[in-house]
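Student: Hey, dropping run.cif in here, mmCIF, C-alpha atoms (C1' of nucleotides):
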```cif
data_upload
#
loop_
_atom_site.label_atom_id
_atom_site.label_comp_id
_atom_site.auth_asym_id
_atom_site.auth_seq_id
_atom_site.Cartn_x
_atom_site.Cartn_y
_atom_site.Cartn_z
CA MET A 1 0.00 0.00 0.00
CA THR A 2 1.32 3.34 -1.07
CA SER A 3 1.46 6.37 1.22
CA ILE A 4 -0.60 9.48 0.75
CA SER A 5 2.57 11.40 -0.13
CA ASN A 6 3.36 8.98 -2.91
CA LEU A 7 -0.20 8.86 -4.13
CA ILE A 8 -0.45 12.58 -4.69
CA LYS A 9 2.66 12.70 -6.79
CA ASN A 10 0.18 11.91 -9.54
CA PRO A 11 -3.10 13.73 -10.02
CA HIS A 12 -6.10 12.21 -8.28
CA PHE A 13 -9.73 13.00 -7.92
CA PHE A 14 -11.24 12.62 -4.47
CA PRO A 15 -15.02 12.55 -4.58
CA ASP A 16 -16.90 14.27 -1.78
CA ALA A 17 -18.21 12.04 0.97
CA THR A 18 -19.07 15.16 2.93
CA ARG A 19 -20.94 13.50 5.74
CA GLY A 20 -18.93 10.32 5.83
CA VAL A 21 -20.69 8.56 3.00
CA LEU A 22 -20.45 8.67 -0.75
CA LYS A 23 -24.17 9.14 -1.14
CA THR A 24 -25.90 5.95 -2.29
CA ILE A 25 -22.83 3.69 -2.49
CA ASP A 26 -20.79 1.84 0.09
CA SER A 27 -17.08 1.41 0.53
CA THR A 28 -16.93 -1.73 -1.58
CA ASP A 29 -18.71 0.01 -4.46
CA LEU A 30 -16.33 2.88 -4.03
CA GLN A 31 -13.26 0.64 -4.20
CA ASN A 32 -14.66 -0.89 -7.35
CA THR A 33 -14.67 2.50 -9.05
CA SER A 34 -10.87 2.62 -8.68
CA THR A 35 -11.24 5.71 -6.53
CA LYS A 36 -8.20 6.16 -4.32
CA GLY A 37 -9.59 8.50 -1.72
CA ILE A 38 -12.42 10.69 -0.58
CA VAL A 39 -13.02 14.07 1.01
CA VAL A 40 -15.06 14.36 4.15
CA ASN A 41 -16.13 17.58 5.79
CA THR A 42 -15.10 18.51 9.31
CA TYR A 43 -17.99 20.92 9.72
CA HIS A 44 -20.59 18.32 8.86
CA LEU A 45 -18.99 15.53 10.87
CA LEU A 46 -18.71 17.81 13.88
CA PHE A 47 -22.48 17.73 14.26
CA SER A 48 -23.14 14.25 13.04
CA PRO A 49 -21.94 11.81 14.19
CA GLY A 50 -19.93 14.24 16.36
CA SER A 51 -16.35 14.18 17.63
CA ASP A 52 -16.99 11.76 20.47
CA ILE A 53 -18.49 9.10 18.29
CA LEU A 54 -15.81 9.59 15.67
CA ALA A 55 -13.19 9.09 18.36
CA LYS A 56 -14.94 6.03 19.80
CA ALA A 57 -15.33 4.58 16.32
CA GLY A 58 -11.60 4.87 15.86
CA GLY A 59 -11.81 7.42 13.09
CA ILE A 60 -13.81 7.80 9.93
CA LYS A 61 -12.05 5.01 8.05
CA LYS A 62 -13.01 2.36 10.56
CA PHE A 63 -16.42 3.92 10.96
CA MET A 64 -17.02 3.72 7.21
CA SER A 65 -15.15 0.48 6.80
CA TYR A 66 -13.09 2.25 4.20
CA ASP A 67 -9.40 1.63 3.65
CA GLY A 68 -8.65 4.26 1.01
CA PHE A 69 -7.30 7.72 1.67
CA VAL A 70 -9.25 10.43 3.38
CA ILE A 71 -8.92 14.17 3.12
CA SER A 72 -10.83 16.17 5.69
CA ASP A 73 -11.90 19.56 4.50
CA SER A 74 -11.97 22.14 7.24
CA GLY A 75 -15.54 23.23 6.70
CA GLY A 76 -14.53 26.85 6.21
CA PHE A 77 -15.95 27.00 2.73
CA GLN A 78 -19.08 25.23 3.80
CA VAL A 79 -19.85 27.54 6.65
CA PHE A 80 -19.31 30.56 4.46
CA SER A 81 -21.45 29.18 1.75
CA LEU A 82 -24.23 28.56 4.24
CA ILE A 83 -23.88 31.93 5.93
CA ARG A 84 -23.93 33.59 2.53
CA LYS A 85 -27.30 31.99 1.84
CA ASN A 86 -28.69 32.61 5.30
CA LYS A 87 -27.18 34.52 8.20
CA LYS A 88 -28.82 32.28 10.74
CA PHE A 89 -26.07 29.71 10.18
CA GLY A 90 -23.45 31.71 11.95
CA THR A 91 -21.20 34.71 12.23
CA MET A 92 -17.50 35.36 11.80
CA ALA A 93 -15.01 36.62 14.31
CA ASP A 94 -11.22 36.69 14.58
CA GLU A 95 -11.40 33.98 17.19
CA GLY A 96 -13.34 31.64 14.91
CA ILE A 97 -16.74 30.97 13.45
CA ASN A 98 -19.76 31.11 15.72
CA LEU A 99 -22.01 28.36 14.50
CA THR A 100 -25.67 29.04 15.16
CA ALA A 101 -27.39 26.68 12.73
CA PRO A 102 -30.95 25.81 13.67
CA ASN A 103 -31.42 22.46 15.38
CA SER A 104 -27.70 22.24 16.04
CA PRO A 105 -25.59 23.03 19.06
CA LYS A 106 -24.21 26.56 19.14
CA ILE A 107 -20.49 26.08 18.80
CA ALA A 108 -17.50 28.36 18.50
CA PHE A 109 -15.72 26.66 15.64
CA THR A 110 -12.12 27.69 16.12
CA PRO A 111 -9.02 26.68 14.18
CA GLU A 112 -8.02 24.59 17.17
CA MET A 113 -11.32 22.78 17.32
CA CYS A 114 -11.15 22.24 13.60
CA ILE A 115 -7.79 20.50 13.87
CA ASP A 116 -8.79 18.51 16.96
CA THR A 117 -11.83 17.24 15.08
CA GLN A 118 -9.75 16.30 12.07
CA PHE A 119 -7.55 14.19 14.30
CA LYS A 120 -10.62 12.43 15.57
CA ILE A 121 -11.64 11.91 11.97
CA GLY A 122 -8.21 10.43 11.42
CA SER A 123 -7.68 11.76 7.92
CA ASP A 124 -4.55 11.52 5.81
CA ILE A 125 -4.70 15.13 4.69
CA MET A 126 -6.04 17.83 6.94
CA ILE A 127 -7.02 21.30 5.81
CA CYS A 128 -6.58 24.47 7.83
CA LEU A 129 -9.69 26.42 8.65
CA ASP A 130 -9.79 29.34 6.26
CA ASP A 131 -11.90 32.46 5.85
CA CYS A 132 -13.53 32.15 2.49
CA PRO A 133 -14.89 35.50 1.29
CA LYS A 134 -18.05 35.75 -0.74
CA MET A 135 -17.72 36.16 -4.47
CA ASP A 136 -18.64 39.83 -4.58
CA ALA A 137 -16.51 40.75 -1.55
CA SER A 138 -14.77 44.12 -1.59
CA ARG A 139 -11.02 44.38 -1.49
CA ALA A 140 -11.23 45.43 2.16
CA GLU A 141 -13.23 42.31 2.99
CA ILE A 142 -10.79 40.11 1.14
CA GLU A 143 -7.90 41.72 3.00
CA VAL A 144 -9.58 40.74 6.26
CA SER A 145 -10.13 37.23 4.97
CA VAL A 146 -6.48 36.89 3.97
CA GLU A 147 -5.26 38.08 7.36
CA ARG A 148 -7.65 35.76 9.13
CA THR A 149 -6.74 32.86 6.90
CA ILE A 150 -3.06 33.39 7.71
CA ALA A 151 -3.68 33.79 11.44
CA TRP A 152 -5.93 30.74 11.54
CA ALA A 153 -3.46 28.70 9.50
CA LYS A 154 -0.77 29.52 12.07
CA ARG A 155 -3.06 28.42 14.89
CA CYS A 156 -3.95 25.28 12.96
CA LYS A 157 -0.30 24.49 12.42
CA ASP A 158 0.50 24.94 16.12
CA ARG A 159 -2.40 22.76 17.16
CA PHE A 160 -1.48 20.23 14.50
CA GLU A 161 2.03 19.92 15.89
CA ASP A 162 0.64 19.51 19.40
CA GLN A 163 -1.69 16.78 18.25
CA VAL A 164 1.08 14.99 16.38
CA GLN A 165 3.08 14.97 19.62
CA ILE A 166 0.14 13.71 21.66
CA HIS A 167 -0.84 10.95 19.27
CA ASN A 168 2.64 9.94 18.26
CA LEU A 169 1.25 8.63 14.98
CA ALA A 170 3.21 6.20 12.88
CA ASN A 171 1.96 7.84 9.73
CA LYS A 172 1.80 11.54 10.35
CA PRO A 173 -1.02 13.16 8.39
CA LEU A 174 -0.33 16.01 6.02
CA LEU A 175 -1.52 19.51 6.76
CA PHE A 176 -2.59 21.79 3.93
CA ALA A 177 -3.24 25.51 4.04
CA VAL A 178 -5.59 27.41 1.75
CA ILE A 179 -4.56 30.45 -0.22
CA GLN A 180 -7.18 33.18 -0.28
CA GLY A 181 -7.00 36.63 -1.84
CA GLY A 182 -9.84 36.60 -4.35
CA ALA A 183 -9.13 38.41 -7.60
CA HIS A 184 -6.23 40.39 -6.18
CA LYS A 185 -2.84 39.08 -7.12
CA ASP A 186 -1.01 41.02 -4.45
CA LEU A 187 -3.28 39.55 -1.78
CA ARG A 188 -2.92 36.05 -3.18
CA LYS A 189 0.83 36.55 -3.17
CA ARG A 190 0.90 37.84 0.37
CA CYS A 191 -1.28 34.97 1.53
CA ALA A 192 0.91 32.39 -0.22
CA GLU A 193 4.14 33.85 1.11
CA GLU A 194 2.93 34.00 4.69
CA LEU A 195 1.61 30.45 4.53
CA LEU A 196 4.82 29.18 2.97
CA GLU A 197 6.69 30.88 5.75
CA ILE A 198 4.65 29.06 8.38
CA GLY A 199 5.26 25.85 6.46
CA PHE A 200 2.70 23.33 5.24
CA ASP A 201 2.72 20.03 3.42
CA GLY A 202 0.54 21.32 0.62
CA PHE A 203 -1.60 24.21 -0.49
CA GLY A 204 -5.08 24.70 -1.77
CA PHE A 205 -6.57 27.26 -4.09
CA GLY A 206 -9.12 29.04 -1.94
CA GLY A 207 -12.31 30.79 -2.85
CA TRP A 208 -14.53 30.05 -5.76
CA PRO A 209 -12.60 28.53 -8.69
CA MET A 210 -15.02 29.90 -11.29
CA THR A 211 -15.50 33.33 -12.83
CA ARG A 212 -18.83 35.19 -12.85
CA THR A 213 -19.49 33.74 -16.29
CA ASN A 214 -18.95 30.27 -14.87
CA GLU A 215 -15.66 29.65 -16.61
CA LEU A 216 -12.73 28.08 -14.83
CA ASP A 217 -10.76 30.95 -13.33
CA SER A 218 -7.56 29.89 -15.07
CA GLU A 219 -5.80 33.17 -14.56
CA TYR A 220 -5.90 33.00 -10.78
CA LEU A 221 -5.53 29.25 -10.53
CA ASN A 222 -2.42 29.53 -12.62
CA TYR A 223 -1.12 32.49 -10.67
CA VAL A 224 -1.60 30.84 -7.31
CA SER A 225 0.03 27.68 -8.61
CA SER A 226 3.04 29.73 -9.65
CA LEU A 227 3.40 30.98 -6.07
CA ILE A 228 3.84 27.46 -4.68
CA PRO A 229 7.06 25.50 -5.09
CA HIS A 230 6.81 22.48 -7.38
CA ASN A 231 7.61 20.03 -4.63
CA LYS A 232 4.52 21.05 -2.69
CA PRO A 233 1.26 19.31 -3.60
CA LYS A 234 -1.40 21.65 -4.90
CA TYR A 235 -5.04 21.12 -4.33
CA ALA A 236 -7.68 22.71 -6.57
CA LEU A 237 -10.57 22.64 -4.13
CA GLY A 238 -13.93 22.13 -5.74
CA VAL A 239 -12.61 21.53 -9.27
CA GLY A 240 -14.41 20.37 -11.25
CA LEU A 241 -15.50 19.36 -14.70
CA PRO A 242 -13.31 16.87 -16.59
CA HIS A 243 -11.64 19.40 -18.87
CA GLU A 244 -11.16 21.81 -15.98
CA ILE A 245 -9.28 19.14 -14.08
CA ALA A 246 -7.08 18.57 -17.12
CA LYS A 247 -6.29 22.27 -17.31
CA CYS A 248 -5.48 22.48 -13.62
CA THR A 249 -3.28 19.40 -13.80
CA LYS A 250 -1.32 21.14 -16.51
CA MET A 251 -0.91 24.07 -14.12
CA GLY A 252 0.52 21.73 -11.50
CA TYR A 253 -2.48 20.86 -9.35
CA LYS A 254 -2.57 17.25 -8.20
CA ILE A 255 -5.58 16.99 -5.94
CA PHE A 256 -9.17 17.57 -6.93
CA ASP A 257 -12.53 17.15 -5.37
CA CYS A 258 -15.95 18.08 -6.59
CA VAL A 259 -19.55 17.14 -5.95
CA LEU A 260 -20.40 17.05 -9.64
CA PRO A 261 -19.89 13.41 -10.57
CA THR A 262 -21.87 12.15 -7.60
CA ARG A 263 -24.55 14.83 -7.65
CA ASP A 264 -24.89 14.57 -11.42
CA ALA A 265 -25.36 10.84 -11.09
CA ARG A 266 -28.25 11.40 -8.71
CA HIS A 267 -29.60 14.00 -11.11
CA LYS A 268 -29.54 11.47 -13.96
CA ARG A 269 -26.61 13.07 -15.78
CA LEU A 270 -24.00 10.50 -16.74
CA TYR A 271 -20.56 11.11 -18.16
CA VAL A 272 -19.35 9.29 -21.25
CA PHE A 273 -16.15 9.52 -23.25
CA ASN A 274 -16.72 10.27 -26.92
CA GLU A 275 -13.99 7.80 -27.87
CA GLU A 276 -11.71 5.28 -26.26
CA PRO A 277 -10.11 7.25 -23.41
CA LEU A 278 -6.64 5.85 -24.04
CA LYS A 279 -6.73 7.37 -27.51
CA LEU A 280 -7.69 10.83 -26.32
CA THR A 281 -4.97 13.41 -26.77
CA ASN A 282 -6.73 16.62 -25.78
CA LEU A 283 -8.62 16.75 -22.54
CA GLU A 284 -8.55 20.52 -22.20
CA ASP A 285 -11.54 21.13 -24.44
CA ARG A 286 -14.80 19.74 -23.27
CA GLY A 287 -15.48 18.02 -26.56
CA PHE A 288 -13.98 14.72 -25.43
CA PHE A 289 -16.91 13.76 -23.26
CA SER A 290 -20.67 14.05 -23.38
CA TYR A 291 -23.52 13.87 -20.98
CA ILE A 292 -26.21 11.27 -21.17
CA TYR A 293 -29.44 12.26 -19.48
CA ILE A 294 -30.43 8.72 -18.72
CA ASN A 295 -34.02 9.55 -17.84
CA LYS A 296 -34.76 10.60 -21.42
CA LYS A 297 -37.31 8.69 -23.40
CA GLU A 298 -34.76 7.84 -26.08
CA PHE A 299 -33.10 5.39 -23.67
CA GLU A 300 -36.31 3.60 -22.78
CA GLN A 301 -35.48 0.79 -25.20
CA ASP A 302 -31.73 1.21 -25.48
CA PHE A 303 -30.23 -2.05 -24.28
CA SER A 304 -26.61 -1.00 -24.72
CA PRO A 305 -24.48 0.01 -21.73
CA ILE A 306 -24.18 3.64 -20.67
CA SER A 307 -20.84 3.74 -22.45
CA THR A 308 -19.16 1.18 -24.65
CA PHE A 309 -15.82 2.65 -23.53
CA CYS A 310 -16.57 2.08 -19.88
CA ARG A 311 -15.62 -0.98 -17.88
CA CYS A 312 -17.35 -0.04 -14.68
CA TYR A 313 -19.56 -2.43 -12.75
CA THR A 314 -22.68 -0.71 -14.04
CA CYS A 315 -21.69 -0.76 -17.69
CA GLN A 316 -20.59 -4.38 -17.48
CA ASN A 317 -23.90 -5.52 -16.09
CA TYR A 318 -26.72 -3.16 -16.92
CA SER A 319 -28.26 -1.39 -19.89
CA ARG A 320 -29.34 2.17 -20.43
CA ALA A 321 -32.91 0.92 -20.65
CA TYR A 322 -32.70 -0.74 -17.24
CA ILE A 323 -31.21 2.30 -15.55
CA ASN A 324 -33.79 4.47 -17.27
CA HIS A 325 -36.44 2.18 -15.82
CA LEU A 326 -34.91 2.33 -12.35
CA PHE A 327 -34.93 6.14 -12.40
CA ARG A 328 -38.51 6.11 -13.66
CA ILE A 329 -39.74 4.00 -10.80
CA LYS A 330 -37.51 5.97 -8.43
CA ASP A 331 -35.65 2.97 -7.13
CA VAL A 332 -32.52 3.77 -5.14
CA LEU A 333 -30.55 1.27 -7.19
CA ALA A 334 -30.62 3.80 -10.04
CA LEU A 335 -28.64 6.25 -7.93
CA ARG A 336 -26.12 3.65 -6.89
CA LEU A 337 -25.48 2.38 -10.41
CA ALA A 338 -25.27 5.92 -11.79
CA THR A 339 -22.87 7.00 -9.04
CA ILE A 340 -20.64 4.00 -9.62
CA HIS A 341 -20.50 4.83 -13.32
CA ASN A 342 -19.68 8.52 -12.90
CA LEU A 343 -16.98 7.81 -10.33
CA PHE A 344 -15.43 5.21 -12.58
CA PHE A 345 -15.49 7.76 -15.39
CA TYR A 346 -13.56 10.16 -13.18
CA SER A 347 -11.04 7.47 -12.30
CA SER A 348 -10.52 6.72 -15.99
CA LEU A 349 -10.29 10.41 -16.66
CA MET A 350 -7.62 10.87 -14.02
CA ARG A 351 -5.53 8.04 -15.45
CA ARG A 352 -5.53 9.72 -18.85
CA VAL A 353 -5.04 13.18 -17.37
CA SER A 354 -2.06 11.85 -15.49
CA ASP A 355 -0.53 10.43 -18.67
CA LEU A 356 -1.09 13.56 -20.71
CA TYR A 357 -0.83 16.51 -18.38
CA SER A 358 1.06 15.60 -15.27
CA THR A 359 4.26 17.08 -16.64
CA ILE A 360 5.67 18.02 -13.30
CA LYS A 361 6.42 14.69 -11.71
CA ALA A 362 7.97 14.65 -8.31
"C1'" G B 1 -84.38 -4.48 -20.46
"C1'" C B 2 -84.52 -1.56 -15.64
"C1'" C B 3 -81.63 1.30 -11.87
"C1'" A B 4 -77.04 4.02 -10.51
"C1'" G B 5 -72.47 6.28 -11.96
"C1'" G B 6 -69.13 7.94 -15.63
"C1'" U B 7 -66.97 10.26 -20.60
"C1'" U B 8 -62.08 17.00 -19.31
"C1'" C B 9 -55.81 19.30 -22.85
"C1'" G B 10 -50.40 12.08 -23.81
"C1'" G B 11 -52.28 9.00 -19.08
"C1'" A B 12 -54.82 9.62 -14.38
"C1'" U B 13 -57.62 13.45 -11.97
"C1'" A B 14 -60.23 18.53 -10.13
"C1'" G B 15 -64.12 21.41 -11.54
"C1'" C B 16 -71.10 21.97 -9.59
"C1'" G B 17 -73.05 29.14 -13.90
"C1'" G B 18 -67.87 33.81 -15.29
"C1'" C B 19 -62.26 28.95 -17.12
"C1'" A B 20 -57.70 28.12 -21.47
"C1'" A B 21 -59.74 25.21 -16.97
"C1'" U B 22 -56.79 21.95 -10.85
"C1'" U B 23 -53.36 18.39 -9.25
"C1'" C B 24 -50.12 14.07 -10.10
"C1'" C B 25 -47.45 11.34 -13.69
"C1'" G B 26 -45.36 11.54 -18.35
"C1'" G B 27 -42.81 14.77 -22.14
"C1'" C B 28 -39.42 18.81 -23.43
"C1'" U B 29 -35.63 22.76 -21.86
"C1'" G B 30 -32.39 24.53 -18.43
"C1'" A B 31 -29.41 24.55 -13.81
"C1'" C B 32 -26.01 21.93 -10.57
"C1'" U B 33 -18.15 22.91 -9.41
"C1'" G B 34 -13.98 22.56 -1.11
"C1'" U B 35 -22.87 18.86 -1.17
"C1'" A B 36 -29.08 22.53 3.52
"C1'" A B 37 -29.30 19.23 -3.61
"C1'" A B 38 -32.14 11.05 -4.99
"C1'" U B 39 -32.68 18.52 -5.94
"C1'" C B 40 -34.34 23.07 -8.23
"C1'" A B 41 -36.47 26.32 -12.26
"C1'" G B 42 -39.29 27.08 -16.94
"C1'" C B 43 -42.55 25.18 -20.81
"C1'" U B 44 -46.39 21.28 -22.01
"C1'" G B 45 -54.42 23.45 -26.70
"C1'" C B 46 -53.00 26.69 -31.16
"C1'" C B 47 -51.17 31.58 -32.64
"C1'" U B 48 -42.77 31.79 -32.33
"C1'" U B 49 -43.60 36.40 -27.50
"C1'" A B 50 -48.32 38.63 -24.78
"C1'" U B 51 -51.83 42.38 -19.03
"C1'" G B 52 -53.46 39.98 -26.67
"C1'" G B 53 -56.12 36.74 -30.33
"C1'" C B 54 -58.26 31.98 -31.55
"C1'" U B 55 -60.32 27.05 -30.72
"C1'" U B 56 -61.53 23.52 -26.58
"C1'" C B 57 -64.04 19.61 -21.75
"C1'" G B 58 -67.94 12.22 -25.92
"C1'" A B 59 -72.00 14.17 -30.03
"C1'" A B 60 -76.12 17.19 -31.30
"C1'" G B 61 -79.72 20.45 -29.65
"C1'" G B 62 -81.76 23.68 -25.66
"C1'" U B 63 -82.06 27.20 -21.13
"C1'" U B 64 -78.98 31.63 -19.92
"C1'" C B 65 -75.82 38.13 -20.73
"C1'" G B 66 -72.66 33.89 -20.05
"C1'" A B 67 -72.39 26.42 -20.11
"C1'" G B 68 -66.97 21.82 -18.77
"C1'" U B 69 -70.67 23.00 -15.13
"C1'" C B 70 -78.20 23.14 -15.77
"C1'" C B 71 -82.05 20.49 -19.28
"C1'" U B 72 -83.23 16.92 -23.56
"C1'" U B 73 -81.84 13.16 -26.94
"C1'" C B 74 -77.97 10.03 -28.89
"C1'" A B 75 -73.19 7.19 -28.54
"C1'" C B 76 -69.80 4.54 -25.67
"C1'" C B 77 -67.88 2.71 -20.72
"C1'" U B 78 -68.48 0.81 -15.46
"C1'" G B 79 -71.27 -1.39 -11.40
"C1'" G B 80 -76.26 -3.57 -9.26
"C1'" C B 81 -80.85 -6.20 -10.45
"C1'" A B 82 -82.76 -9.18 -14.38
#
```
I'd like the structure from this file rewritten - as structure tokens, please.

Tutor:
Amino acid sequence: MTSISNLIKNPHFFPDATRGVLKTIDSTDLQNTSTKGIVVNTYHLLFSPGSDILAKAGGIKKFMSYDGFVISDSGGFQVFSLIRKNKKFGTMADEGINLTAPNSPKIAFTPEMCIDTQFKIGSDIMICLDDCPKMDASRAEIEVSVERTIAWAKRCKDRFEDQVQIHNLANKPLLFAVIQGGAHKDLRKRCAEELLEIGFDGFGFGGWPMTRTNELDSEYLNYVSSLIPHNKPKYALGVGLPHEIAKCTKMGYKIFDCVLPTRDARHKRLYVFNEEPLKLTNLEDRGFFSYIYINKKEFEQDFSPISTFCRCYTCQNYSRAYINHLFRIKDVLALRLATIHNLFFYSSLMRRVSDLYSTIKA
RNA sequence: GCCAGGUUCGGAUAGCGGCAAUUCCGGCUGACUGUAAAUCAGCUGCCUUAUGGCUUCGAAGGUUCGAGUCCUUCACCUGGCA
């Protein structure tokens, strides 16, 4: 079994198992999609099952009966995204985030608590709590977020070192920091420099990775990547669509996570390669794959697999017509089979992306 | 043959005098990017768009300012008794 450090020398996609489950599939299904690891969310796990149960369970891997790799996201993005939609979820302060979500305990979610929880989760890669500004934030607001992100990262690092001492782990987890700064290169630069100074095992691109017109924000992703030394793993949080992942890999990013393949599967949108993936030479334009909306009438009597180029469990055993039928009658098996397919697509994608775009090998 | 009930826009339904007409399903379009999402939004009689026009609720007549809604006859369907 390889180590997490070795694994992320090549690009990998980590689907989001936010609440400690890849919705609709189990760990065996997940292994069968050739997925190497998952991302769980500290914020969500903090409430359910909660730190105590996580600790008693012996960490999320044992709890889930999962023996792949686990990245725990801090929950910073999540809290901000929720607060942005509705202020009742919490408020921000220098000390930390005051969580006030309805029907949940009121908790001061500090960088220290964030790291403590991630140790209870027992992840392989931990992420520092960051202050993720809203998309239309002013420069002044982003300056505050950068300063907070740096201060919190320092506190996370200190707590992380304490925890490493306490636990005396054989395999020390990695700690990543997140680079904020919005669409201000000087702020991104300042954030990156300060975080590099503190010292982390890897770095994430913070904020929203898309422009207002919903294009990949290549300019800033590229810029931030250029601020991080090549020997440090780079994580494009929340990216993304297949061609976006290819572009980011070319920029040097090695770690990706996104809800799209799993959510799309549940929303009946399946990914298919337009030709044999091993023959693909350009993954940067989105023309190499298509969507199949499996609920459409045209598949009602289509007894071929979702994709003839796919060797996933679903495609080897079931037809488009059958999956169409399962979605029609709203059977949960539809979601499972669709999720397995989309995750396998992403695994295949990553293998090809690695061959074609992972130019900077460690 | 007698009695009762039914026939509405692809299917199933609502509707008891002011209606282009309810709801569900289906169909078609969109959306979804560190997951409040097995979700959400729009369209679904015709006129490409309408606070507009036109034609609709088994068929034909009738009553009414006005009928999917009331009356009469006919057609078909479903139950009960023969």

Student: Define the interface residues of chain A facing chain B as those within 9 Å, counting all atoms listed in the file, and report them as an NGL selection string.

Tutor: :A and (16-19 or 24 or 39 or 41 or 73-78 or 82 or 206-210 or 236-241 or 257-260 or 263-264 or 266-267 or 297 or 330 or 332 or 334-335)

Student: Export C-alpha atoms of the chosen residues as a CSV table (one decimal), in the frame of the given file?

Tutor:
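Writing the result to out.csv gives the following:
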```csv
chain,number,residue,atom,x,y,z
A,16,ASP,CA,-16.9,14.3,-1.8
A,17,ALA,CA,-18.2,12.0,1.0
A,18,THR,CA,-19.1,15.2,2.9
A,19,ARG,CA,-20.9,13.5,5.7
A,24,THR,CA,-25.9,6.0,-2.3
A,39,VAL,CA,-13.0,14.1,1.0
A,41,ASN,CA,-16.1,17.6,5.8
A,73,ASP,CA,-11.9,19.6,4.5
A,74,SER,CA,-12.0,22.1,7.2
A,75,GLY,CA,-15.5,23.2,6.7
A,76,GLY,CA,-14.5,26.8,6.2
A,77,PHE,CA,-16.0,27.0,2.7
A,78,GLN,CA,-19.1,25.2,3.8
A,82,LEU,CA,-24.2,28.6,4.2
A,206,GLY,CA,-9.1,29.0,-1.9
A,207,GLY,CA,-12.3,30.8,-2.8
A,208,TRP,CA,-14.5,30.0,-5.8
A,209,PRO,CA,-12.6,28.5,-8.7
A,210,MET,CA,-15.0,29.9,-11.3
A,236,ALA,CA,-7.7,22.7,-6.6
A,237,LEU,CA,-10.6,22.6,-4.1
A,238,GLY,CA,-13.9,22.1,-5.7
A,239,VAL,CA,-12.6,21.5,-9.3
A,240,GLY,CA,-14.4,20.4,-11.2
A,241,LEU,CA,-15.5,19.4,-14.7
A,257,ASP,CA,-12.5,17.2,-5.4
A,258,CYS,CA,-16.0,18.1,-6.6
A,259,VAL,CA,-19.6,17.1,-6.0
A,260,LEU,CA,-20.4,17.0,-9.6
A,263,ARG,CA,-24.6,14.8,-7.6
A,264,ASP,CA,-24.9,14.6,-11.4
A,266,ARG,CA,-28.2,11.4,-8.7
A,267,HIS,CA,-29.6,14.0,-11.1
A,297,LYS,CA,-37.3,8.7,-23.4
A,330,LYS,CA,-37.5,6.0,-8.4
A,332,VAL,CA,-32.5,3.8,-5.1
A,334,ALA,CA,-30.6,3.8,-10.0
A,335,LEU,CA,-28.6,6.2,-7.9
```

Student: Just so the selection is clear, what residues does the PyMOL selection byres ((chain A and resi 344-349) around 7) cover here, as number ranges by chain?

Tutor: A: 33-35, 271, 312, 340-343, 350-353

Student: Extract, using all atoms listed in the file, all DNA, RNA and protein residues at most 12 Å from C16 (chain B), discarding same-chain residues fewer than 4 positions from it, and format them as a ChimeraX atom specification.

Tutor: /B:67-70

Student: Next, the residues of the selection above should be written as a compact mmCIF listing (two decimals), in the coordinates of the input with C-alpha atoms (C1' of nucleotides).

Tutor:
```
# COMPACT_ATOMS: atom_id res chain seq x y z
C1' A B 67 -72.39 26.42 -20.11
C1' G B 68 -66.97 21.82 -18.77
C1' U B 69 -70.67 23.00 -15.13
C1' C B 70 -78.20 23.14 -15.77
```

Student: Nearest residue to Cys310 (chain A) out of A:Val272, A:Glu244, A:Gly96, A:Asn6, using only C-alpha atoms?

Tutor: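 Using only C-alpha atoms, the shortest distance to Cys310 (chain A) belongs to A:Val272.
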
Student: Just say which residues the PyMOL selection byres ((chain A and resi 284) around 7) picks in this file, as a list in words.

Tutor: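 Answer for the PyMOL selection byres ((chain A and resi 284) around 7): His243, Glu244, Ala246, Lys247, Asn282, Leu283, Asp285 and Arg286 of chain A.
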
Student: Within 10 Å of (-75.6, -0.5, -11.7) (coordinates as in the file), grab all the protein and nucleic acid residues, counting all atoms listed in the file, and write them out as a list in words.

Tutor: C2, C3, A4, G5, U78, G79, G80 and C81 of chain B

Student: Which is closest to Ile255 (chain A) among A:Lys185, A:Lys9, A:Lys268, A:Lys61, if we use all atoms listed in the file?

Tutor: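 The answer is A:Lys9, which sits nearest to Ile255 (chain A).
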
Student: Hey, which of B:U13, B:C43, B:G1, B:A21 ends up closest to U56 (chain B)? Count all atoms listed in the file.

Tutor: B:A21

Student: As AutoDock Vina command-line options, please: the centre and edge lengths in Å, to one decimal, of an axis-aligned box enclosing every listed atom of region 51-68 of chain B with 8 Å added on each side.

Tutor:
```
--center_x -66.9 --center_y 27.3 --center_z -25.2 --size_x 46.2 --size_y 46.2 --size_z 28.8
```

Student: At a cut-off of 9 Å, using all atoms listed in the file, what residues contact Glu95 (chain A)? Leave out same-chain residues fewer than 5 positions from it and give the result as a list in words.

Tutor: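 Surrounding residues, per the criterion: Ala108, Phe109, Thr110, Pro111 and Trp152 of chain A.
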